[in-house]
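A.B. asks: Sharing query_19.cif below, mmCIF, N, CA and C atoms:
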```
data_protein
loop_
_atom_site.label_atom_id
_atom_site.label_comp_id
_atom_site.auth_asym_id
_atom_site.auth_seq_id
_atom_site.Cartn_x
_atom_site.Cartn_y
_atom_site.Cartn_z
N MET R 30 -7.80 -9.32 -55.26
CA MET R 30 -8.41 -9.49 -53.96
C MET R 30 -9.64 -10.36 -54.11
N ASN R 31 -9.84 -11.23 -53.19
CA ASN R 31 -10.95 -12.17 -53.19
C ASN R 31 -12.20 -11.46 -52.66
N ASP R 32 -13.28 -11.51 -53.44
CA ASP R 32 -14.53 -10.86 -53.02
C ASP R 32 -15.06 -11.45 -51.71
N GLU R 33 -14.90 -12.74 -51.56
CA GLU R 33 -15.39 -13.41 -50.34
C GLU R 33 -14.65 -12.87 -49.11
N ARG R 34 -13.35 -12.67 -49.24
CA ARG R 34 -12.56 -12.14 -48.11
C ARG R 34 -12.95 -10.70 -47.81
N ALA R 35 -13.25 -9.93 -48.85
CA ALA R 35 -13.68 -8.54 -48.65
C ALA R 35 -15.01 -8.49 -47.90
N VAL R 36 -15.94 -9.36 -48.29
CA VAL R 36 -17.24 -9.42 -47.62
C VAL R 36 -17.06 -9.85 -46.17
N GLU R 37 -16.19 -10.84 -45.95
CA GLU R 37 -15.93 -11.31 -44.58
C GLU R 37 -15.32 -10.19 -43.74
N GLY R 38 -14.41 -9.44 -44.33
CA GLY R 38 -13.80 -8.31 -43.61
C GLY R 38 -14.83 -7.25 -43.26
N LEU R 39 -15.71 -6.96 -44.18
CA LEU R 39 -16.78 -5.99 -43.93
C LEU R 39 -17.70 -6.47 -42.82
N ASP R 40 -18.02 -7.76 -42.82
CA ASP R 40 -18.86 -8.33 -41.76
C ASP R 40 -18.21 -8.14 -40.39
N HIS R 41 -16.90 -8.39 -40.33
CA HIS R 41 -16.18 -8.22 -39.06
C HIS R 41 -16.19 -6.75 -38.62
N LEU R 42 -15.98 -5.84 -39.56
CA LEU R 42 -16.00 -4.42 -39.23
C LEU R 42 -17.38 -3.98 -38.71
N GLN R 43 -18.43 -4.48 -39.34
CA GLN R 43 -19.78 -4.14 -38.89
C GLN R 43 -20.03 -4.69 -37.49
N ALA R 44 -19.60 -5.92 -37.24
CA ALA R 44 -19.80 -6.51 -35.91
C ALA R 44 -19.01 -5.72 -34.86
N ALA R 45 -17.80 -5.30 -35.21
CA ALA R 45 -17.00 -4.51 -34.27
C ALA R 45 -17.65 -3.17 -34.00
N ALA R 46 -18.20 -2.54 -35.03
CA ALA R 46 -18.87 -1.25 -34.85
C ALA R 46 -20.09 -1.40 -33.95
N ILE R 47 -20.84 -2.48 -34.12
CA ILE R 47 -22.02 -2.71 -33.27
C ILE R 47 -21.58 -2.92 -31.82
N GLU R 48 -20.49 -3.65 -31.61
CA GLU R 48 -19.97 -3.85 -30.25
C GLU R 48 -19.52 -2.53 -29.63
N MET R 49 -18.88 -1.69 -30.42
CA MET R 49 -18.44 -0.39 -29.91
C MET R 49 -19.63 0.48 -29.52
N ILE R 50 -20.67 0.44 -30.31
CA ILE R 50 -21.88 1.20 -30.01
C ILE R 50 -22.52 0.68 -28.73
N SER R 51 -22.56 -0.62 -28.57
CA SER R 51 -23.11 -1.22 -27.35
C SER R 51 -22.29 -0.83 -26.12
N ALA R 52 -20.98 -0.85 -26.26
CA ALA R 52 -20.11 -0.46 -25.16
C ALA R 52 -20.31 1.00 -24.80
N ALA R 53 -20.45 1.86 -25.82
CA ALA R 53 -20.67 3.28 -25.57
C ALA R 53 -22.00 3.51 -24.85
N ARG R 54 -23.02 2.77 -25.25
CA ARG R 54 -24.32 2.90 -24.57
C ARG R 54 -24.23 2.48 -23.11
N ALA R 55 -23.52 1.38 -22.85
CA ALA R 55 -23.37 0.91 -21.47
C ALA R 55 -22.60 1.95 -20.65
N PHE R 56 -21.55 2.52 -21.23
CA PHE R 56 -20.77 3.54 -20.54
C PHE R 56 -21.63 4.76 -20.25
N LEU R 57 -22.42 5.19 -21.22
CA LEU R 57 -23.28 6.35 -21.01
C LEU R 57 -24.35 6.07 -19.96
N ASP R 58 -24.87 4.86 -19.90
CA ASP R 58 -25.83 4.51 -18.86
C ASP R 58 -25.22 4.64 -17.48
N VAL R 59 -23.99 4.14 -17.34
CA VAL R 59 -23.30 4.24 -16.04
C VAL R 59 -23.04 5.70 -15.71
N MET R 60 -22.57 6.47 -16.68
CA MET R 60 -22.29 7.87 -16.43
C MET R 60 -23.56 8.64 -16.06
N GLU R 61 -24.67 8.28 -16.66
CA GLU R 61 -25.94 8.93 -16.32
C GLU R 61 -26.29 8.66 -14.86
N GLU R 62 -26.07 7.44 -14.40
CA GLU R 62 -26.33 7.11 -13.00
C GLU R 62 -25.41 7.90 -12.07
N VAL R 63 -24.15 8.02 -12.45
CA VAL R 63 -23.19 8.76 -11.63
C VAL R 63 -23.57 10.23 -11.55
N VAL R 64 -23.92 10.82 -12.69
CA VAL R 64 -24.23 12.24 -12.74
C VAL R 64 -25.51 12.57 -11.98
N THR R 65 -26.47 11.67 -12.00
CA THR R 65 -27.74 11.97 -11.32
C THR R 65 -27.67 11.73 -9.81
N ASP R 66 -26.63 11.07 -9.34
CA ASP R 66 -26.46 10.82 -7.90
C ASP R 66 -25.50 11.87 -7.33
N ARG R 67 -26.03 12.76 -6.49
CA ARG R 67 -25.22 13.86 -5.94
C ARG R 67 -24.01 13.35 -5.16
N ASP R 68 -24.17 12.29 -4.42
CA ASP R 68 -23.05 11.76 -3.65
C ASP R 68 -21.93 11.27 -4.57
N SER R 69 -22.31 10.65 -5.68
CA SER R 69 -21.31 10.19 -6.64
C SER R 69 -20.57 11.37 -7.27
N VAL R 70 -21.31 12.41 -7.62
CA VAL R 70 -20.69 13.60 -8.21
C VAL R 70 -19.72 14.22 -7.22
N ALA R 71 -20.13 14.33 -5.96
CA ALA R 71 -19.25 14.91 -4.94
C ALA R 71 -17.99 14.07 -4.78
N SER R 72 -18.14 12.76 -4.82
CA SER R 72 -16.99 11.87 -4.69
C SER R 72 -16.03 12.04 -5.87
N VAL R 73 -16.56 12.12 -7.07
CA VAL R 73 -15.72 12.29 -8.26
C VAL R 73 -15.01 13.64 -8.21
N VAL R 74 -15.72 14.68 -7.85
CA VAL R 74 -15.11 16.01 -7.77
C VAL R 74 -14.02 16.03 -6.71
N SER R 75 -14.25 15.38 -5.60
CA SER R 75 -13.24 15.31 -4.54
C SER R 75 -12.00 14.56 -5.02
N ALA R 76 -12.20 13.46 -5.71
CA ALA R 76 -11.07 12.68 -6.21
C ALA R 76 -10.27 13.48 -7.23
N VAL R 77 -10.95 14.17 -8.14
CA VAL R 77 -10.26 14.97 -9.15
C VAL R 77 -9.50 16.11 -8.46
N GLY R 78 -10.10 16.71 -7.44
CA GLY R 78 -9.42 17.77 -6.69
C GLY R 78 -8.16 17.26 -6.01
N SER R 79 -8.24 16.07 -5.43
CA SER R 79 -7.07 15.49 -4.77
C SER R 79 -5.95 15.21 -5.76
N VAL R 80 -6.30 14.70 -6.92
CA VAL R 80 -5.30 14.44 -7.95
C VAL R 80 -4.67 15.75 -8.40
N ALA R 81 -5.47 16.78 -8.59
CA ALA R 81 -4.95 18.08 -9.03
C ALA R 81 -4.02 18.67 -7.98
N GLN R 82 -4.38 18.55 -6.71
CA GLN R 82 -3.52 19.06 -5.64
C GLN R 82 -2.19 18.30 -5.62
N GLY R 83 -2.24 16.99 -5.76
CA GLY R 83 -1.02 16.19 -5.79
C GLY R 83 -0.14 16.56 -6.96
N ALA R 84 -0.74 16.80 -8.11
CA ALA R 84 0.03 17.20 -9.30
C ALA R 84 0.67 18.56 -9.09
N ALA R 85 -0.07 19.47 -8.46
CA ALA R 85 0.48 20.80 -8.20
C ALA R 85 1.65 20.72 -7.22
N ARG R 86 1.53 19.89 -6.18
CA ARG R 86 2.64 19.71 -5.24
C ARG R 86 3.86 19.12 -5.93
N ALA R 87 3.64 18.14 -6.77
CA ALA R 87 4.75 17.52 -7.49
C ALA R 87 5.42 18.52 -8.43
N ALA R 88 4.63 19.36 -9.09
CA ALA R 88 5.19 20.36 -10.00
C ALA R 88 6.02 21.38 -9.23
N ARG R 89 5.51 21.80 -8.07
CA ARG R 89 6.27 22.76 -7.25
C ARG R 89 7.56 22.13 -6.75
N ALA R 90 7.50 20.86 -6.34
CA ALA R 90 8.68 20.18 -5.81
C ALA R 90 9.73 20.00 -6.89
N SER R 91 9.32 19.71 -8.12
CA SER R 91 10.30 19.52 -9.18
C SER R 91 10.84 20.84 -9.70
N ALA R 92 10.13 21.93 -9.44
CA ALA R 92 10.59 23.24 -9.91
C ALA R 92 11.67 23.82 -9.01
N SER R 93 11.70 23.43 -7.75
CA SER R 93 12.72 23.97 -6.84
C SER R 93 13.67 22.84 -6.44
N PRO R 94 14.99 23.10 -6.49
CA PRO R 94 15.96 22.06 -6.15
C PRO R 94 15.95 21.76 -4.66
N PRO R 95 16.29 20.54 -4.27
CA PRO R 95 16.37 20.21 -2.86
C PRO R 95 17.43 21.07 -2.16
N ALA R 96 17.28 21.24 -0.87
CA ALA R 96 18.21 22.06 -0.10
C ALA R 96 19.63 21.54 -0.26
N GLY R 97 20.58 22.47 -0.48
CA GLY R 97 21.97 22.09 -0.61
C GLY R 97 22.39 21.70 -2.01
N GLU R 98 21.45 21.62 -2.95
CA GLU R 98 21.79 21.26 -4.32
C GLU R 98 21.53 22.46 -5.21
N GLY R 99 22.21 22.46 -6.32
CA GLY R 99 21.94 23.47 -7.32
C GLY R 99 22.67 24.76 -7.11
N ALA R 100 23.62 24.82 -6.20
CA ALA R 100 24.36 26.05 -5.97
C ALA R 100 25.44 26.16 -7.04
N GLY R 101 25.09 26.74 -8.16
CA GLY R 101 26.04 26.87 -9.26
C GLY R 101 26.59 28.27 -9.33
N ASP R 102 27.27 28.55 -10.45
CA ASP R 102 27.84 29.87 -10.59
C ASP R 102 27.08 30.71 -11.61
N GLY R 103 25.95 30.25 -12.07
CA GLY R 103 25.16 30.98 -13.05
C GLY R 103 23.96 31.65 -12.40
N PRO R 104 23.25 32.45 -13.19
CA PRO R 104 22.09 33.15 -12.64
C PRO R 104 20.94 32.22 -12.28
N ASP R 105 20.87 31.03 -12.92
CA ASP R 105 19.77 30.10 -12.63
C ASP R 105 20.01 29.34 -11.34
N ASP R 106 21.25 28.96 -11.09
CA ASP R 106 21.59 28.15 -9.92
C ASP R 106 20.68 26.93 -9.80
N GLY R 107 20.30 26.34 -10.91
CA GLY R 107 19.44 25.17 -10.91
C GLY R 107 20.23 23.90 -10.64
N PRO R 108 19.56 22.76 -10.60
CA PRO R 108 20.22 21.50 -10.27
C PRO R 108 21.09 20.95 -11.39
N VAL R 109 21.07 21.57 -12.57
CA VAL R 109 21.87 21.10 -13.70
C VAL R 109 23.20 21.83 -13.71
N GLN R 110 24.29 21.08 -13.77
CA GLN R 110 25.62 21.67 -13.83
C GLN R 110 26.05 21.72 -15.29
N HIS R 111 26.38 22.90 -15.76
CA HIS R 111 26.83 23.06 -17.13
C HIS R 111 28.35 22.96 -17.19
N ILE R 112 28.82 22.05 -18.01
CA ILE R 112 30.27 21.83 -18.16
C ILE R 112 30.63 22.16 -19.60
N ARG R 113 31.55 23.09 -19.78
CA ARG R 113 31.97 23.47 -21.12
C ARG R 113 32.95 22.41 -21.65
N VAL R 114 32.70 21.98 -22.86
CA VAL R 114 33.57 21.02 -23.51
C VAL R 114 34.11 21.68 -24.77
N SER R 115 35.46 21.75 -24.88
CA SER R 115 36.01 22.37 -26.08
C SER R 115 37.23 21.62 -26.56
#
```
Represent the structure contained in this file as structure tokens.
C.D. replies:
Amino acid sequence: MNDERAVEGLDHLQAAAIEMISAARAFLDVMEEVVTDRDSVASVVSAVGSVAQGAARAARASASPPAGEGAGDGPDDGPVQHIRVS
């Protein structure tokens, strides 16, 4: 391995680490502004609540088969039809 290439690789890694630290600081600055503003917090909480409600509705809808479907001969009567192959 070439020592010059190793040093160059290390330089790139250090520069990338510094960029990541800068990005993290910028993100934390923005988050600090959001957290200290009550209206922003309320908006974020409302958005998260809406997403959670939508996910719960989707989960309930996928758990129960649509009307007229899933009438099988087993105890589950789910939308999957089991066919024996022998």
A.B. asks: Give the helix (DSSP H, G or I) residues of chain R, as assigned by DSSP on the backbone, as a PyMOL selection string.
C.D. replies: chain R and resi 32-65+67-92
A.B. asks: Hey, can you check how far atom C of Leu57 (chain R) sits from atom N of Ala44 (chain R)?
C.D. replies: 21.6 Å
A.B. asks: What is the distance, in Å and to one decimal place, between atom N of Val73 (chain R) and CA of Asp58 (chain R)?
C.D. replies: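 Those two atoms sit 16.8 Å apart.
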A.B. asks: Give me, please, the distance in Å between CA of Glu62 (chain R) and CA of Gly83 (chain R), quoted to one decimal.
C.D. replies: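 Atom-to-atom, CA of Glu62 (chain R) and CA of Gly83 (chain R) are spaced 27.8 Å apart.
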